[in-house]
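The structure under discussion appears below in the form of structure tokens.
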Amino acid sequence: MAELPELPLTFIRGPYEPLLIDHAEGAWLYTADGRKILDAAAGAVVTNIGQGREEIAQLAANEMRRANYVVPIWSTPQRQRLVKRLARWTAPGLTRFFFTSGGSEAVEAALKFALMYHKVHGRPRRTKIIAREASYHGNTIAALSAGGSLRRADYEQVLLDWPKIKPSYCYRCPWGKTYPGCDIDCANALEQEINRHGEDSIALFIAEPMMGSAGGAVPPVKEYWPRLAEICQRHGVLLIADEVMTGFGRTGRRFAVDHWNVIPDILIGGKGLTGGYLPMGMIAVKERLVEQCEEQGAEFMFYTYSAHPTACAVADRVLEIMEREHLVERAAEMGARLGAQLKEELAGHPMAGDIRGAGMFWGVELVRDRASRAPYPPALKVASRVVAAGLKRDLFVYPASGMARPGGDAVMVTPPFVIGNDEIEYLVSRLRATLDDVHPNLQ
Ligand SMILES: Cc1ncc(COP(=O)(O)O)c(C=O)c1O
């Protein structure tokens, strides 16, 4: 029999060299041909607790032997344990959970819950969803509609026309101001948009507490989120924090909204929830909102793989490991070290613009001119070039490629929380060398 041709991984090829990853350990990827690559992106900002934990592999195998699937309408010990633990992780009142297979599905669930909530309360006209111009909320049609990244481009023809406001982007203030002051304008833009459409047409506002892949790890000023929360509450608009990337310790707090003591109506999680050991996403909804829907007899349809028992057990163990090893605190402490070293090593580099972040969530803006912070033309795909050049030096950082308007390119440096001092030094020096490699070719 003739040998089958090697099958492509996916039907569209990405811009990076093809790699055959054989196995992974901690923050390192090992290729089949013997290379060792530092995964300074934690995959897609996922592998927070590091790769290769035997105790999780054992647990998953045991759980699968007990029951490999249970329809989501019933409980299981794994589901109960996870819900109890999550209720200790989330803010008071944010204690009703719904599980999905990933972040995009969780975003859909959050949007749908909010729409259902308004409908069962006799407000079926509250159907509009306000989001931010530069944002990424996932890859389904509704999540792309809510988002504002260039990933929308090929689907604009069918996306829902939901209103957008400018992001909080203080180092590049959309209003041309300098801090202080712009935070209020950024947040007030939400109120203006609500008033423009009429509050009784707006169901919800959704945003990432710190902008992820659409901008490259951009924390807002501290007044921004409290102000958004206050505006939403005043107008009866549900506030949704998309913490798929920033949740579960990534920014040095359990959730990024904890930096400002904001409790959203719905919090969305994914990625770090299972640290990549299994696919899973979730929403945490205010108890009161769910109760009110239940009182009206509302039902919320599950996905087939909602609360998969093995995924629940794995998520519970991942969070237990985070508690046992104090990994949120470690993300804060080692992250501060990482940020300081990035600033020290790269601040004078001709193509390094803003270097910003929190915890293990850092972004390095890539600029054509350091003084004016002028971005490179998007067609140059500078972030992709830096990622590709980094791989040649056995370093993986995450692209935030030309998606933020008017932001330009950035790379994200978001390693697993277990990264050590030597690895941070390796990371920072290789990133510097990578920028040195790329810069002369852009002149
Ligand atoms: C903020 C945010 N929301 C949602 C998603 C979508 O999650 P997933 O890719 O797991 O569907 C992502 C993915 O990067 C994200 O960063």
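A note on labels: chains of the structure tokens are A, B, ... as shown, every chain counts residues from 1, and ligands are counted from 1 in their shown order.
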At most 12 Å is the cut-off: for each residue in range 393-439 of chain A with any atom that close to an atom of range 341-359 of chain A, write down the nearest atom pair and the distance in Å rounded to one decimal, counting only C-alpha atoms, chain first then increasing number, as CSV.
residue,atom,partner,partner_atom,distance
A:Gly407,CA,A:Asp354,CA,10.6
A:Gly408,CA,A:Gly353,CA,10.5
A:Asp409,CA,A:Gly353,CA,9.8
A:Ala410,CA,A:Gly353,CA,8.8
A:Val411,CA,A:Ile355,CA,9.9
A:Met412,CA,A:Gly357,CA,9.3
A:Val413,CA,A:Gly357,CA,9.2
A:Thr414,CA,A:Gly359,CA,8.9
A:Pro415,CA,A:Gly359,CA,10.3
A:Pro416,CA,A:Gly359,CA,11.0
A:Phe417,CA,A:Gly359,CA,9.1
A:Asn421,CA,A:Gln341,CA,10.5
A:Asp422,CA,A:Gln341,CA,11.9
A:Glu423,CA,A:Gln341,CA,11.8
A:Ile424,CA,A:Gln341,CA,8.2
A:Glu425,CA,A:Gln341,CA,7.9
A:Tyr426,CA,A:Gln341,CA,10.9
A:Leu427,CA,A:Leu342,CA,9.1
A:Val428,CA,A:Leu342,CA,6.0
A:Ser429,CA,A:Glu345,CA,7.5
A:Arg430,CA,A:Glu345,CA,10.4
A:Leu431,CA,A:Leu346,CA,8.5
A:Arg432,CA,A:Leu346,CA,6.4
A:Ala433,CA,A:Leu346,CA,10.0
A:Thr434,CA,A:Leu346,CA,11.0
A:Leu435,CA,A:Met351,CA,7.3
A:Asp436,CA,A:His349,CA,8.4
A:Asp437,CA,A:Met351,CA,11.3
A:Val438,CA,A:Met351,CA,9.3
A:His439,CA,A:Met351,CA,6.9
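Based on only C-alpha atoms and all ligand atoms, the protein and nucleic acid residues found within 7 Å of ligand 1 are, by chain and then by number, Ala44, Gly102, Gly103, Ser104, Glu105, Val107, Tyr136, His137, Gly138, Asn139, Glu208, Gly212, Ser213, Asp242, Glu243, Val244, Met245, Gly270, Lys271 and Gly281 of chain A.
Residue nearest Tyr305 in chain A, chosen from A:Ala207, A:Ile73, A:Ala110, A:Cys170 and counting only C-alpha atoms: A:Ile73.
With CA of Gly215 in chain A on one side and CA of Leu319 in chain A on the other, the separation reads 27.8 Å.
The set of residues in range 159-286 of chain A assigned to strand (DSSP E) by DSSP, using only backbone atoms of this structure, is Lys164, Ile165, Ile202, Ala203, Leu204, Phe205, Ile206, Ala207, Leu238, Leu239, Ile240, Ala241, Asp242, Ile266, Leu267, Ile268, Gly269, Gly281, Met282, Ile283, Ala284 and Val285 of chain A.
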Can I get the selected residues back with N, CA and C atoms, as a JSON list (two decimals), in the first residue's frame?
[["chain", "number", "residue", "atom", "x", "y", "z"],
["A", 164, "LYS", "N", -19.41, 50.16, 19.46],
["A", 164, "LYS", "CA", -18.08, 50.05, 20.08],
["A", 164, "LYS", "C", -17.67, 51.41, 20.67],
["A", 165, "ILE", "N", -16.94, 51.35, 21.76],
["A", 165, "ILE", "CA", -16.32, 52.58, 22.27],
["A", 165, "ILE", "C", -14.80, 52.43, 22.18],
["A", 202, "ILE", "N", -29.87, 48.76, 25.51],
["A", 202, "ILE", "CA", -28.54, 48.19, 25.76],
["A", 202, "ILE", "C", -28.63, 47.06, 26.79],
["A", 203, "ALA", "N", -28.16, 45.88, 26.37],
["A", 203, "ALA", "CA", -28.19, 44.73, 27.29],
["A", 203, "ALA", "C", -26.97, 44.71, 28.18],
["A", 204, "LEU", "N", -25.81, 44.98, 27.61],
["A", 204, "LEU", "CA", -24.58, 44.73, 28.37],
["A", 204, "LEU", "C", -23.41, 45.49, 27.79],
["A", 205, "PHE", "N", -22.38, 45.60, 28.62],
["A", 205, "PHE", "CA", -21.08, 46.10, 28.16],
["A", 205, "PHE", "C", -20.06, 45.01, 28.48],
["A", 206, "ILE", "N", -19.23, 44.69, 27.50],
["A", 206, "ILE", "CA", -18.20, 43.65, 27.72],
["A", 206, "ILE", "C", -16.82, 44.22, 27.38],
["A", 207, "ALA", "N", -15.84, 43.90, 28.24],
["A", 207, "ALA", "CA", -14.46, 44.35, 27.97],
["A", 207, "ALA", "C", -13.48, 43.45, 28.69],
["A", 238, "LEU", "N", -25.75, 45.27, 32.07],
["A", 238, "LEU", "CA", -24.92, 44.28, 32.75],
["A", 238, "LEU", "C", -23.45, 44.46, 32.36],
["A", 239, "LEU", "N", -22.59, 44.36, 33.36],
["A", 239, "LEU", "CA", -21.14, 44.54, 33.14],
["A", 239, "LEU", "C", -20.49, 43.16, 33.05],
["A", 240, "ILE", "N", -19.83, 42.92, 31.93],
["A", 240, "ILE", "CA", -19.18, 41.61, 31.74],
["A", 240, "ILE", "C", -17.67, 41.82, 31.62],
["A", 241, "ALA", "N", -16.92, 41.17, 32.50],
["A", 241, "ALA", "CA", -15.45, 41.23, 32.43],
["A", 241, "ALA", "C", -14.96, 39.95, 31.75],
["A", 242, "ASP", "N", -14.33, 40.11, 30.60],
["A", 242, "ASP", "CA", -13.78, 38.95, 29.90],
["A", 242, "ASP", "C", -12.37, 38.70, 30.42],
["A", 266, "ILE", "N", -21.05, 39.51, 35.35],
["A", 266, "ILE", "CA", -20.61, 38.21, 34.83],
["A", 266, "ILE", "C", -19.11, 38.28, 34.60],
["A", 267, "LEU", "N", -18.41, 37.26, 35.04],
["A", 267, "LEU", "CA", -16.96, 37.17, 34.80],
["A", 267, "LEU", "C", -16.74, 35.93, 33.93],
["A", 268, "ILE", "N", -15.92, 36.10, 32.90],
["A", 268, "ILE", "CA", -15.66, 34.99, 31.98],
["A", 268, "ILE", "C", -14.24, 34.49, 32.17],
["A", 269, "GLY", "N", -14.07, 33.18, 32.26],
["A", 269, "GLY", "CA", -12.73, 32.60, 32.41],
["A", 269, "GLY", "C", -12.50, 31.49, 31.40],
["A", 281, "GLY", "N", -13.79, 26.36, 29.62],
["A", 281, "GLY", "CA", -14.07, 27.77, 29.90],
["A", 281, "GLY", "C", -15.21, 27.84, 30.90],
["A", 282, "MET", "N", -15.49, 29.03, 31.39],
["A", 282, "MET", "CA", -16.57, 29.15, 32.37],
["A", 282, "MET", "C", -17.10, 30.58, 32.44],
["A", 283, "ILE", "N", -18.31, 30.71, 32.94],
["A", 283, "ILE", "CA", -18.76, 32.04, 33.36],
["A", 283, "ILE", "C", -19.17, 31.95, 34.83],
["A", 284, "ALA", "N", -18.88, 33.01, 35.56],
["A", 284, "ALA", "CA", -19.36, 33.14, 36.94],
["A", 284, "ALA", "C", -20.36, 34.29, 36.91],
["A", 285, "VAL", "N", -21.57, 34.01, 37.38],
["A", 285, "VAL", "CA", -22.66, 34.99, 37.30],
["A", 285, "VAL", "C", -23.11, 35.34, 38.71]]
Output as a PyMOL selection string all residues of range 22-227 of chain A that backbone DSSP marks as helix (DSSP H, G or I). chain A and resi 42-45+54-66+77-89+103-120+141-146+150-155+170-172+182-197+199-201+224-227
Write a file of the just-selected residues containing C-alpha atoms, as a short mmCIF file (atom, residue, chain, number, x, y, z; two decimals), in the first residue's frame.
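The resulting file, out24.cif, is shown below:
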data_model
loop_
_atom_site.label_atom_id
_atom_site.label_comp_id
_atom_site.auth_asym_id
_atom_site.auth_seq_id
_atom_site.Cartn_x
_atom_site.Cartn_y
_atom_site.Cartn_z
CA ALA A 42 2.60 30.04 28.01
CA GLY A 43 1.16 28.75 24.74
CA ALA A 44 -1.68 31.14 24.06
CA VAL A 45 -1.40 32.56 27.62
CA GLU A 54 2.32 13.99 36.56
CA GLU A 55 -0.28 14.32 39.34
CA ILE A 56 -2.74 15.85 36.87
CA ALA A 57 -2.12 13.16 34.27
CA GLN A 58 -2.77 10.49 36.93
CA LEU A 59 -5.90 12.24 38.16
CA ALA A 60 -7.34 12.57 34.65
CA ALA A 61 -6.74 8.89 33.95
CA ASN A 62 -8.47 7.89 37.20
CA GLU A 63 -11.42 10.22 36.63
CA MET A 64 -11.98 8.84 33.14
CA ARG A 65 -12.17 5.36 34.59
CA ARG A 66 -14.93 6.47 37.01
CA PRO A 77 -18.42 14.86 42.86
CA GLN A 78 -15.95 16.56 40.50
CA ARG A 79 -18.48 19.22 39.55
CA GLN A 80 -19.36 19.86 43.18
CA ARG A 81 -15.73 20.17 44.23
CA LEU A 82 -14.90 22.58 41.42
CA VAL A 83 -17.90 24.81 42.07
CA LYS A 84 -17.07 24.97 45.80
CA ARG A 85 -13.47 25.89 45.08
CA LEU A 86 -14.37 28.44 42.42
CA ALA A 87 -16.75 30.15 44.82
CA ARG A 88 -13.70 30.83 47.00
CA TRP A 89 -11.78 32.26 44.05
CA GLY A 103 -13.22 30.93 26.03
CA SER A 104 -15.27 31.70 22.91
CA GLU A 105 -18.10 29.43 24.04
CA ALA A 106 -17.96 31.08 27.45
CA VAL A 107 -18.26 34.54 25.87
CA GLU A 108 -21.29 33.31 23.92
CA ALA A 109 -22.80 31.94 27.13
CA ALA A 110 -22.26 35.26 28.92
CA LEU A 111 -23.87 37.27 26.11
CA LYS A 112 -26.80 34.87 25.91
CA PHE A 113 -27.34 34.83 29.65
CA ALA A 114 -27.46 38.64 29.71
CA LEU A 115 -29.95 38.74 26.83
CA MET A 116 -32.09 36.10 28.52
CA TYR A 117 -31.92 37.95 31.84
CA HIS A 118 -33.35 41.13 30.29
CA LYS A 119 -35.99 39.22 28.32
CA VAL A 120 -37.39 37.34 31.30
CA ILE A 141 -19.58 34.87 15.03
CA ALA A 142 -21.02 36.52 18.16
CA ALA A 143 -17.65 36.74 19.90
CA LEU A 144 -16.07 38.24 16.78
CA SER A 145 -19.00 40.67 16.55
CA ALA A 146 -18.36 41.80 20.11
CA LEU A 150 -8.40 42.61 12.77
CA ARG A 151 -9.38 38.94 13.11
CA ARG A 152 -12.86 40.15 12.11
CA ALA A 153 -11.70 41.19 8.65
CA ASP A 154 -12.81 38.18 6.58
CA TYR A 155 -16.21 37.96 8.24
CA CYS A 170 -3.73 56.05 28.01
CA TYR A 171 -0.24 55.92 26.62
CA ARG A 172 -1.82 56.54 23.24
CA CYS A 182 -8.26 60.64 29.97
CA ASP A 183 -9.51 57.81 32.18
CA ILE A 184 -12.70 59.72 32.79
CA ASP A 185 -13.14 60.38 29.08
CA CYS A 186 -12.56 56.72 28.27
CA ALA A 187 -15.16 55.58 30.75
CA ASN A 188 -17.57 58.41 29.98
CA ALA A 189 -17.49 57.27 26.35
CA LEU A 190 -19.53 54.30 27.56
CA GLU A 191 -22.17 56.55 29.07
CA GLN A 192 -22.34 58.64 25.91
CA GLU A 193 -22.81 55.50 23.82
CA ILE A 194 -25.54 54.23 26.16
CA ASN A 195 -27.33 57.58 25.92
CA ARG A 196 -26.87 57.75 22.14
CA HIS A 197 -28.69 54.44 21.65
CA GLU A 199 -30.40 52.86 27.75
CA ASP A 200 -33.45 50.69 27.26
CA SER A 201 -31.84 49.20 24.12
CA TYR A 224 -11.33 53.30 34.65
CA TRP A 225 -13.06 50.09 35.75
CA PRO A 226 -14.73 51.46 38.89
CA ARG A 227 -16.17 54.19 36.70
#
What's the separation between CA of Phe302 in chain A and CA of Val237 in chain A, in Å to one decimal place? 24.3 Å
Counting only C-alpha atoms, what are the residues of range 39-73 of chain A within 10 Å of range 360-368 of chain A, and for each of them which pair of atoms is the nearest and at what distance in Å, to one decimal? Sort the table by chain and rising number, as a Markdown table.
| residue | atom | partner | partner_atom | distance |
| --- | --- | --- | --- | --- |
| A:Ala40 | CA | A:Met360 | CA | 9.9 |
| A:Ala41 | CA | A:Phe361 | CA | 9.3 |
| A:Val45 | CA | A:Phe361 | CA | 8.7 |
| A:Asn48 | CA | A:Met360 | CA | 9.1 |
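Ranking A:Ala379, A:Ala374, A:Val290, A:Met322 by their shortest atom-to-atom distance to Gly93 in chain A, with only C-alpha atoms included, puts A:Val290 first.
Residues in contact range of range 329-333 of chain A, defined as at most 7 Å between only C-alpha atoms, with sequence neighbours fewer than 2 positions away removed, read Gly249, Arg250, Thr251, Gly252, His326, Leu327, Gly335, Ala336, Arg337, Gly359, Met360 and Phe417 of chain A.
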Keeping only C-alpha atoms, write those residues as a PDB file, in the first residue's frame.
ATOM      1  CA  GLY A 249      -3.655  34.798  38.625  1.00  0.00           C
ATOM      2  CA  ARG A 250      -2.219  36.005  35.327  1.00  0.00           C
ATOM      3  CA  THR A 251      -1.994  39.659  36.379  1.00  0.00           C
ATOM      4  CA  GLY A 252      -0.794  38.917  39.907  1.00  0.00           C
ATOM      5  CA  HIS A 326       1.076  30.159  46.073  1.00  0.00           C
ATOM      6  CA  LEU A 327       1.257  30.698  42.341  1.00  0.00           C
ATOM      7  CA  GLY A 335       6.188  39.125  37.272  1.00  0.00           C
ATOM      8  CA  ALA A 336       7.471  42.325  38.883  1.00  0.00           C
ATOM      9  CA  ARG A 337      11.011  41.003  38.347  1.00  0.00           C
ATOM     10  CA  GLY A 359       1.971  40.194  37.140  1.00  0.00           C
ATOM     11  CA  MET A 360       2.984  37.724  34.442  1.00  0.00           C
ATOM     12  CA  PHE A 417       4.107  31.388  36.675  1.00  0.00           C
TER      13      PHE A 417
END
Closest to Ala307 in chain A among A:Ala256, A:Leu442, A:Val70, A:Leu29, using only C-alpha atoms? A:Val70
For Tyr16 in chain A: contacts at 10 Å, only C-alpha atoms, fewer than 4 positions along chain excluded, given as a list of chain:residue names: A:Ser384, A:Arg385, A:Val387, A:Ala388, A:Ala389, A:Leu391
With only C-alpha atoms as the atoms that count, which of A:Pro72, A:Pro377, A:Gly122, A:Pro399 lies nearest to His308 in chain A? A:Pro72
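Between CA of Ser149 in chain A and CA of Ser135 in chain A there is a distance of 5.7 Å.
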